[in-house]
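Chemist: File run-v6.cif below, mmCIF, C-alpha atoms:
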data_coords
loop_
_atom_site.group_PDB
_atom_site.id
_atom_site.type_symbol
_atom_site.label_atom_id
_atom_site.label_comp_id
_atom_site.auth_asym_id
_atom_site.auth_seq_id
_atom_site.Cartn_x
_atom_site.Cartn_y
_atom_site.Cartn_z
ATOM 1 C CA MET I 148 -23.058 1.015 -1.134
ATOM 2 C CA THR I 149 -20.322 0.652 1.475
ATOM 3 C CA ASP I 150 -16.667 -0.345 1.189
ATOM 4 C CA GLU I 151 -17.469 -3.579 3.051
ATOM 5 C CA ILE I 152 -19.782 -4.680 0.233
ATOM 6 C CA LEU I 153 -17.163 -3.866 -2.391
ATOM 7 C CA LEU I 154 -14.227 -5.589 -0.659
ATOM 8 C CA GLN I 155 -13.769 -9.159 -1.878
ATOM 9 C CA ALA I 156 -10.714 -11.383 -1.772
ATOM 10 C CA ASP I 157 -9.284 -12.875 -4.943
ATOM 11 C CA VAL I 158 -7.735 -15.654 -2.858
ATOM 12 C CA THR I 159 -8.086 -16.884 0.744
ATOM 13 C CA LEU I 160 -5.250 -18.350 2.810
ATOM 14 C CA ASN I 161 -6.323 -20.029 6.054
ATOM 15 C CA MET I 162 -3.325 -20.238 8.410
ATOM 16 C CA ALA I 163 -5.364 -20.765 11.604
ATOM 17 C CA GLY I 164 -3.550 -23.123 13.927
ATOM 18 C CA LEU I 165 -0.053 -22.020 12.901
ATOM 19 C CA SER I 166 2.056 -19.843 15.156
ATOM 20 C CA CYS I 167 4.129 -16.913 13.966
ATOM 21 C CA PRO I 168 5.970 -16.497 11.688
ATOM 22 C CA GLY I 169 4.010 -19.173 9.778
ATOM 23 C CA PRO I 170 1.095 -16.938 8.720
ATOM 24 C CA ILE I 171 3.433 -14.201 7.428
ATOM 25 C CA ILE I 172 5.606 -16.685 5.518
ATOM 26 C CA GLY I 173 2.486 -18.184 3.962
ATOM 27 C CA ALA I 174 1.102 -14.755 3.129
ATOM 28 C CA LYS I 175 4.342 -13.778 1.397
ATOM 29 C CA LYS I 176 4.336 -16.911 -0.772
ATOM 30 C CA VAL I 177 0.740 -16.360 -1.871
ATOM 31 C CA ILE I 178 0.852 -12.591 -2.352
ATOM 32 C CA ASP I 179 4.041 -12.824 -4.432
ATOM 33 C CA GLY I 180 2.007 -14.845 -6.936
ATOM 34 C CA LEU I 181 -0.794 -12.288 -7.192
ATOM 35 C CA ASP I 182 -1.055 -9.448 -9.671
ATOM 36 C CA GLN I 183 -0.815 -5.875 -8.476
ATOM 37 C CA GLY I 184 -4.100 -4.744 -6.939
ATOM 38 C CA GLN I 185 -5.408 -8.235 -6.203
ATOM 39 C CA VAL I 186 -6.583 -8.909 -2.656
ATOM 40 C CA MET I 187 -5.769 -11.858 -0.403
ATOM 41 C CA LEU I 188 -7.719 -12.757 2.730
ATOM 42 C CA LEU I 189 -5.335 -14.157 5.356
ATOM 43 C CA ILE I 190 -7.001 -15.999 8.245
ATOM 44 C CA SER I 191 -4.945 -16.494 11.394
ATOM 45 C CA ASN I 192 -5.493 -17.052 15.101
ATOM 46 C CA CYS I 193 -1.884 -16.360 16.138
ATOM 47 C CA PRO I 194 -1.879 -13.268 18.400
ATOM 48 C CA GLY I 195 1.333 -11.940 16.829
ATOM 49 C CA THR I 196 0.070 -11.970 13.253
ATOM 50 C CA GLU I 197 -1.480 -8.491 13.258
ATOM 51 C CA ALA I 198 1.660 -6.597 14.331
ATOM 52 C CA ASP I 199 3.899 -8.723 12.097
ATOM 53 C CA LEU I 200 1.550 -8.352 9.142
ATOM 54 C CA TYR I 201 1.393 -4.551 9.300
ATOM 55 C CA ALA I 202 5.191 -4.309 9.569
ATOM 56 C CA TRP I 203 5.669 -6.727 6.663
ATOM 57 C CA ALA I 204 3.061 -5.002 4.472
ATOM 58 C CA THR I 205 4.638 -1.597 5.032
ATOM 59 C CA SER I 206 8.125 -2.809 4.162
ATOM 60 C CA THR I 207 6.998 -4.639 1.007
ATOM 61 C CA GLY I 208 4.637 -2.100 -0.534
ATOM 62 C CA ASN I 209 1.540 -4.179 0.165
ATOM 63 C CA ARG I 210 -1.400 -2.826 2.125
ATOM 64 C CA VAL I 211 -3.676 -4.208 4.829
ATOM 65 C CA LEU I 212 -7.110 -2.915 3.821
ATOM 66 C CA LYS I 213 -9.262 -4.316 6.585
ATOM 67 C CA THR I 214 -9.168 -6.553 9.652
ATOM 68 C CA GLU I 215 -12.166 -8.679 10.512
ATOM 69 C CA ARG I 216 -12.717 -10.654 13.746
ATOM 70 C CA PHE I 217 -14.450 -14.023 13.456
ATOM 71 C CA ALA I 218 -16.612 -15.809 16.038
ATOM 72 C CA ASP I 219 -14.066 -18.649 16.391
ATOM 73 C CA GLY I 220 -11.413 -16.193 17.664
ATOM 74 C CA SER I 221 -9.455 -15.987 14.441
ATOM 75 C CA SER I 222 -8.936 -12.829 12.432
ATOM 76 C CA GLY I 223 -9.148 -12.136 8.736
ATOM 77 C CA TYR I 224 -6.788 -9.646 7.118
ATOM 78 C CA TYR I 225 -7.541 -8.294 3.651
ATOM 79 C CA ILE I 226 -4.217 -7.483 1.984
ATOM 80 C CA ARG I 227 -3.850 -5.736 -1.373
ATOM 81 C CA ARG I 228 -0.821 -6.657 -3.485
ATOM 82 C CA GLY I 229 1.343 -3.608 -4.082
ATOM 83 C CA ALA I 230 3.383 -2.664 -7.125
ATOM 84 C CA ALA I 231 6.256 -5.153 -7.376
ATOM 85 C CA ALA I 232 8.145 -2.887 -9.746
ATOM 86 C CA HIS I 233 8.445 -0.268 -7.022
ATOM 87 C CA ARG I 234 9.826 -2.354 -4.192
ATOM 88 C CA SER I 235 13.014 -0.316 -4.595
ATOM 89 C CA VAL I 236 11.310 2.845 -3.363
ATOM 90 C CA SER I 237 13.943 5.176 -1.899
ATOM 91 C CA ALA I 238 11.551 7.166 0.287
ATOM 92 C CA SER I 239 7.887 7.161 1.273
ATOM 93 C CA LEU I 240 5.833 10.192 2.232
ATOM 94 C CA ASP I 241 2.417 9.561 3.786
ATOM 95 C CA MET I 242 0.379 12.762 3.458
ATOM 96 C CA ARG I 243 -3.060 11.280 4.178
ATOM 97 C CA GLY I 244 -5.112 13.904 5.980
ATOM 98 C CA SER I 245 -3.208 16.812 4.437
ATOM 99 C CA VAL I 246 -5.061 19.011 1.962
ATOM 100 C CA CYS I 247 -3.692 20.157 -1.378
ATOM 101 C CA PRO I 248 -1.197 21.642 -2.119
ATOM 102 C CA GLY I 249 0.409 20.220 1.062
ATOM 103 C CA PRO I 250 1.286 16.800 -0.410
ATOM 104 C CA ILE I 251 3.112 18.341 -3.379
ATOM 105 C CA LEU I 252 4.921 20.931 -1.279
ATOM 106 C CA GLU I 253 6.254 18.267 1.087
ATOM 107 C CA ALA I 254 7.048 15.878 -1.786
ATOM 108 C CA ARG I 255 9.023 18.618 -3.528
ATOM 109 C CA LYS I 256 11.129 19.184 -0.402
ATOM 110 C CA LEU I 257 11.850 15.488 -0.089
ATOM 111 C CA ILE I 258 12.547 14.806 -3.760
ATOM 112 C CA ASN I 259 14.927 17.785 -3.975
ATOM 113 C CA GLY I 260 17.195 15.945 -1.538
ATOM 114 C CA MET I 261 17.087 12.675 -3.467
ATOM 115 C CA ARG I 262 19.534 11.479 -6.113
ATOM 116 C CA SER I 263 18.679 11.106 -9.774
ATOM 117 C CA GLY I 264 16.883 7.820 -10.439
ATOM 118 C CA GLU I 265 15.548 7.410 -6.902
ATOM 119 C CA VAL I 266 11.820 6.787 -6.429
ATOM 120 C CA LEU I 267 9.472 8.515 -3.996
ATOM 121 C CA CYS I 268 6.168 6.917 -2.998
ATOM 122 C CA LEU I 269 3.763 9.752 -2.155
ATOM 123 C CA ILE I 270 0.534 8.680 -0.446
ATOM 124 C CA SER I 271 -2.355 11.135 -0.441
ATOM 125 C CA ASN I 272 -6.101 11.131 0.067
ATOM 126 C CA CYS I 273 -6.707 14.760 -0.881
ATOM 127 C CA PRO I 274 -9.437 14.616 -3.571
ATOM 128 C CA GLY I 275 -7.466 16.905 -5.903
ATOM 129 C CA SER I 276 -4.110 15.196 -5.496
ATOM 130 C CA ARG I 277 -4.280 13.007 -8.593
ATOM 131 C CA ASP I 278 -4.632 15.930 -10.994
ATOM 132 C CA ASP I 279 -2.189 18.052 -8.983
ATOM 133 C CA VAL I 280 0.542 15.393 -8.926
ATOM 134 C CA GLU I 281 0.122 14.631 -12.626
ATOM 135 C CA ASP I 282 0.437 18.337 -13.504
ATOM 136 C CA TRP I 283 3.360 18.893 -11.110
ATOM 137 C CA THR I 284 5.421 15.968 -12.405
ATOM 138 C CA ARG I 285 4.768 16.932 -16.024
ATOM 139 C CA ALA I 286 5.783 20.556 -15.375
ATOM 140 C CA THR I 287 8.960 19.684 -13.473
ATOM 141 C CA GLY I 288 10.303 16.831 -15.591
ATOM 142 C CA LEU I 289 9.832 14.222 -12.872
ATOM 143 C CA ALA I 290 8.802 10.757 -14.032
ATOM 144 C CA LEU I 291 5.416 9.655 -12.721
ATOM 145 C CA LEU I 292 6.005 5.906 -12.943
ATOM 146 C CA GLU I 293 2.663 4.762 -11.634
ATOM 147 C CA ILE I 294 -0.481 5.778 -9.804
ATOM 148 C CA THR I 295 -2.149 3.138 -7.632
ATOM 149 C CA GLN I 296 -5.571 3.838 -6.184
ATOM 150 C CA THR I 297 -5.678 2.282 -2.713
ATOM 151 C CA GLY I 298 -9.091 3.554 -1.637
ATOM 152 C CA PRO I 299 -11.715 6.192 -2.407
ATOM 153 C CA HIS I 300 -9.721 9.341 -3.305
ATOM 154 C CA GLU I 301 -6.572 7.695 -1.900
ATOM 155 C CA TYR I 302 -3.551 7.165 -4.115
ATOM 156 C CA GLU I 303 0.060 6.064 -4.075
ATOM 157 C CA PHE I 304 2.153 8.029 -6.567
ATOM 158 C CA TYR I 305 5.510 6.562 -7.617
ATOM 159 C CA ILE I 306 7.666 9.503 -8.679
ATOM 160 C CA GLN I 307 11.194 9.144 -10.006
ATOM 161 C CA LYS I 308 13.679 11.986 -9.890
ATOM 162 C CA ALA I 309 15.170 12.629 -13.334
#
Translate the structure described by the file into structure tokens.

Modeler:
Amino acid sequence: MTDEILLQADVTLNMAGLSCPGPIIGAKKVIDGLDQGQVMLLISNCPGTEADLYAWATSTGNRVLKTERFADGSSGYYIRRGAAAHRSVSASLDMRGSVCPGPILEARKLINGMRSGEVLCLISNCPGSRDDVEDWTRATGLALLEITQTGPHEYEFYIQKA
């Protein structure tokens, strides 16, 4: 079974025919009404949508999972709703491609420089990272607010400094 078979949208928003920023404004309105983890398929034929969408998703904690080109020249963007409670993330650390214990070592350096109450979003796709991060936060008194699985063996860890 492939990821393509598993990926299905909970809602579809067809914004073909609208120029930017219309598709992004529409996407924001719809995705704000979704629950965390739900997926929206945004369809657009505006050439600026892709760059705008990735920038918007990154800044809002949402994630573009897949882009699909259609025969009519439009594109479909599968977007997963992020954790609304963590939109006040103080810092993000993307450690995809780094093997354990690299993600924790780098996260420790970053979180040591943060103030109490600030939240770090650590992104890792190391297969052992989930167990490692859970053990590390428990042992150090950090608050592991949430773990969001964003793909096979890929997680976002929301860690709050005590």

Chemist: Apply the PyMOL selection byres ((chain I and resi 214-227) around 10) to the file shown and report the selected residues as a PDB file with C-alpha atoms, in the coordinates of the input.

Modeler:
ATOM      1  CA  LEU I 154     -14.227  -5.589  -0.659  1.00  0.00           C
ATOM      2  CA  GLN I 155     -13.769  -9.159  -1.878  1.00  0.00           C
ATOM      3  CA  ALA I 156     -10.714 -11.383  -1.772  1.00  0.00           C
ATOM      4  CA  ASP I 157      -9.284 -12.875  -4.943  1.00  0.00           C
ATOM      5  CA  VAL I 158      -7.735 -15.654  -2.858  1.00  0.00           C
ATOM      6  CA  THR I 159      -8.086 -16.884   0.744  1.00  0.00           C
ATOM      7  CA  LEU I 160      -5.250 -18.350   2.810  1.00  0.00           C
ATOM      8  CA  ASN I 161      -6.323 -20.029   6.054  1.00  0.00           C
ATOM      9  CA  MET I 162      -3.325 -20.238   8.410  1.00  0.00           C
ATOM     10  CA  ALA I 163      -5.364 -20.765  11.604  1.00  0.00           C
ATOM     11  CA  GLY I 164      -3.550 -23.123  13.927  1.00  0.00           C
ATOM     12  CA  ALA I 174       1.102 -14.755   3.129  1.00  0.00           C
ATOM     13  CA  ILE I 178       0.852 -12.591  -2.352  1.00  0.00           C
ATOM     14  CA  LEU I 181      -0.794 -12.288  -7.192  1.00  0.00           C
ATOM     15  CA  ASP I 182      -1.055  -9.448  -9.671  1.00  0.00           C
ATOM     16  CA  GLN I 183      -0.815  -5.875  -8.476  1.00  0.00           C
ATOM     17  CA  GLY I 184      -4.100  -4.744  -6.939  1.00  0.00           C
ATOM     18  CA  GLN I 185      -5.408  -8.235  -6.203  1.00  0.00           C
ATOM     19  CA  VAL I 186      -6.583  -8.909  -2.656  1.00  0.00           C
ATOM     20  CA  MET I 187      -5.769 -11.858  -0.403  1.00  0.00           C
ATOM     21  CA  LEU I 188      -7.719 -12.757   2.730  1.00  0.00           C
ATOM     22  CA  LEU I 189      -5.335 -14.157   5.356  1.00  0.00           C
ATOM     23  CA  ILE I 190      -7.001 -15.999   8.245  1.00  0.00           C
ATOM     24  CA  SER I 191      -4.945 -16.494  11.394  1.00  0.00           C
ATOM     25  CA  ASN I 192      -5.493 -17.052  15.101  1.00  0.00           C
ATOM     26  CA  CYS I 193      -1.884 -16.360  16.138  1.00  0.00           C
ATOM     27  CA  PRO I 194      -1.879 -13.268  18.400  1.00  0.00           C
ATOM     28  CA  THR I 196       0.070 -11.970  13.253  1.00  0.00           C
ATOM     29  CA  GLU I 197      -1.480  -8.491  13.258  1.00  0.00           C
ATOM     30  CA  LEU I 200       1.550  -8.352   9.142  1.00  0.00           C
ATOM     31  CA  TYR I 201       1.393  -4.551   9.300  1.00  0.00           C
ATOM     32  CA  ALA I 204       3.061  -5.002   4.472  1.00  0.00           C
ATOM     33  CA  GLY I 208       4.637  -2.100  -0.534  1.00  0.00           C
ATOM     34  CA  ASN I 209       1.540  -4.179   0.165  1.00  0.00           C
ATOM     35  CA  ARG I 210      -1.400  -2.826   2.125  1.00  0.00           C
ATOM     36  CA  VAL I 211      -3.676  -4.208   4.829  1.00  0.00           C
ATOM     37  CA  LEU I 212      -7.110  -2.915   3.821  1.00  0.00           C
ATOM     38  CA  LYS I 213      -9.262  -4.316   6.585  1.00  0.00           C
ATOM     39  CA  ARG I 228      -0.821  -6.657  -3.485  1.00  0.00           C
ATOM     40  CA  GLY I 229       1.343  -3.608  -4.082  1.00  0.00           C
ATOM     41  CA  ALA I 230       3.383  -2.664  -7.125  1.00  0.00           C
ATOM     42  CA  THR I 297      -5.678   2.282  -2.713  1.00  0.00           C
TER      43      THR I 297
END

Chemist: Written as a PyMOL selection string, which residues does the PyMOL selection byres ((chain I and resi 248) around 10) give for the file shown?

Modeler: chain I and resi 245-247+249-253+273+275-276+279-280

Chemist: With C-alpha atoms retained, write the just-selected residues as a PDB file, keeping the file's coordinate frame.

Modeler:
ATOM      1  CA  SER I 245      -3.208  16.812   4.437  1.00  0.00           C
ATOM      2  CA  VAL I 246      -5.061  19.011   1.962  1.00  0.00           C
ATOM      3  CA  CYS I 247      -3.692  20.157  -1.378  1.00  0.00           C
ATOM      4  CA  GLY I 249       0.409  20.220   1.062  1.00  0.00           C
ATOM      5  CA  PRO I 250       1.286  16.800  -0.410  1.00  0.00           C
ATOM      6  CA  ILE I 251       3.112  18.341  -3.379  1.00  0.00           C
ATOM      7  CA  LEU I 252       4.921  20.931  -1.279  1.00  0.00           C
ATOM      8  CA  GLU I 253       6.254  18.267   1.087  1.00  0.00           C
ATOM      9  CA  CYS I 273      -6.707  14.760  -0.881  1.00  0.00           C
ATOM     10  CA  GLY I 275      -7.466  16.905  -5.903  1.00  0.00           C
ATOM     11  CA  SER I 276      -4.110  15.196  -5.496  1.00  0.00           C
ATOM     12  CA  ASP I 279      -2.189  18.052  -8.983  1.00  0.00           C
ATOM     13  CA  VAL I 280       0.542  15.393  -8.926  1.00  0.00           C
TER      14      VAL I 280
END

Chemist: Atom CA of I:Tyr305 to atom CA of I:Arg243: how many Å, to one decimal?

Modeler: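 Answer for the atom CA of I:Tyr305 to atom CA of I:Arg243 separation: 15.3 Å.
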
Chemist: For a test of reading the model, state the distance in Å between atom CA of I:Lys175 and atom CA of I:Leu269, rounded to one decimal.

Modeler: 23.8 Å

Chemist: Determine the residue set returned by the PyMOL selection byres ((chain I and resi 294) around 10) for the present structure, and present it as a short mmCIF file (atom, residue, chain, number, x, y, z; two decimals) with C-alpha atoms, in the coordinates of the input.

Modeler:
data_model
loop_
_atom_site.label_atom_id
_atom_site.label_comp_id
_atom_site.auth_asym_id
_atom_site.auth_seq_id
_atom_site.Cartn_x
_atom_site.Cartn_y
_atom_site.Cartn_z
CA ALA I 230 3.38 -2.66 -7.12
CA CYS I 268 6.17 6.92 -3.00
CA LEU I 269 3.76 9.75 -2.15
CA ILE I 270 0.53 8.68 -0.45
CA ARG I 277 -4.28 13.01 -8.59
CA VAL I 280 0.54 15.39 -8.93
CA GLU I 281 0.12 14.63 -12.63
CA LEU I 291 5.42 9.65 -12.72
CA LEU I 292 6.00 5.91 -12.94
CA GLU I 293 2.66 4.76 -11.63
CA THR I 295 -2.15 3.14 -7.63
CA GLN I 296 -5.57 3.84 -6.18
CA THR I 297 -5.68 2.28 -2.71
CA TYR I 302 -3.55 7.16 -4.12
CA GLU I 303 0.06 6.06 -4.08
CA PHE I 304 2.15 8.03 -6.57
CA TYR I 305 5.51 6.56 -7.62
CA ILE I 306 7.67 9.50 -8.68
#

Chemist: When you draw a straight line from atom CA of I:Ser263 to atom CA of I:Met242, how long is it in Å?

Modeler: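 Result for atom CA of I:Ser263 versus atom CA of I:Met242: 22.6 Å, one decimal.
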
Chemist: Which polymer residues, whether protein, DNA or RNA, lie within 9 Å of the coordinate (9.3, 8.4, -4.5) when you count all atoms listed in the file? List them as a PyMOL selection string, using the chain letters and numbers from the file.

Modeler: chain I and resi 236-240+254+257-258+261+265-269+304-308

Chemist: Considering all atoms listed in the file, can you say which of I:Gly260, I:Pro170, I:Ser235, I:Gly180 comes closest to I:Trp203?

Modeler: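 Residue with the minimum atom-to-atom distance to I:Trp203: I:Pro170.
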
Chemist: Using only C-alpha atoms for the distances, tell me which of I:Glu301, I:Pro168, I:Asp241, I:Ala309 is nearest to I:Asn272.

Modeler: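 Residue with the minimum atom-to-atom distance to I:Asn272: I:Glu301.
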
Chemist: Please determine an axis-aligned box that encloses all atoms of stretch 266-270 of chain I listed in the file, with 3 Å added on each side, and express its centre and edge lengths in Å to one decimal as AutoDock Vina command-line options.

Modeler:
--center_x 6.2 --center_y 8.3 --center_z -3.4 --size_x 17.3 --size_y 9.0 --size_z 12.0
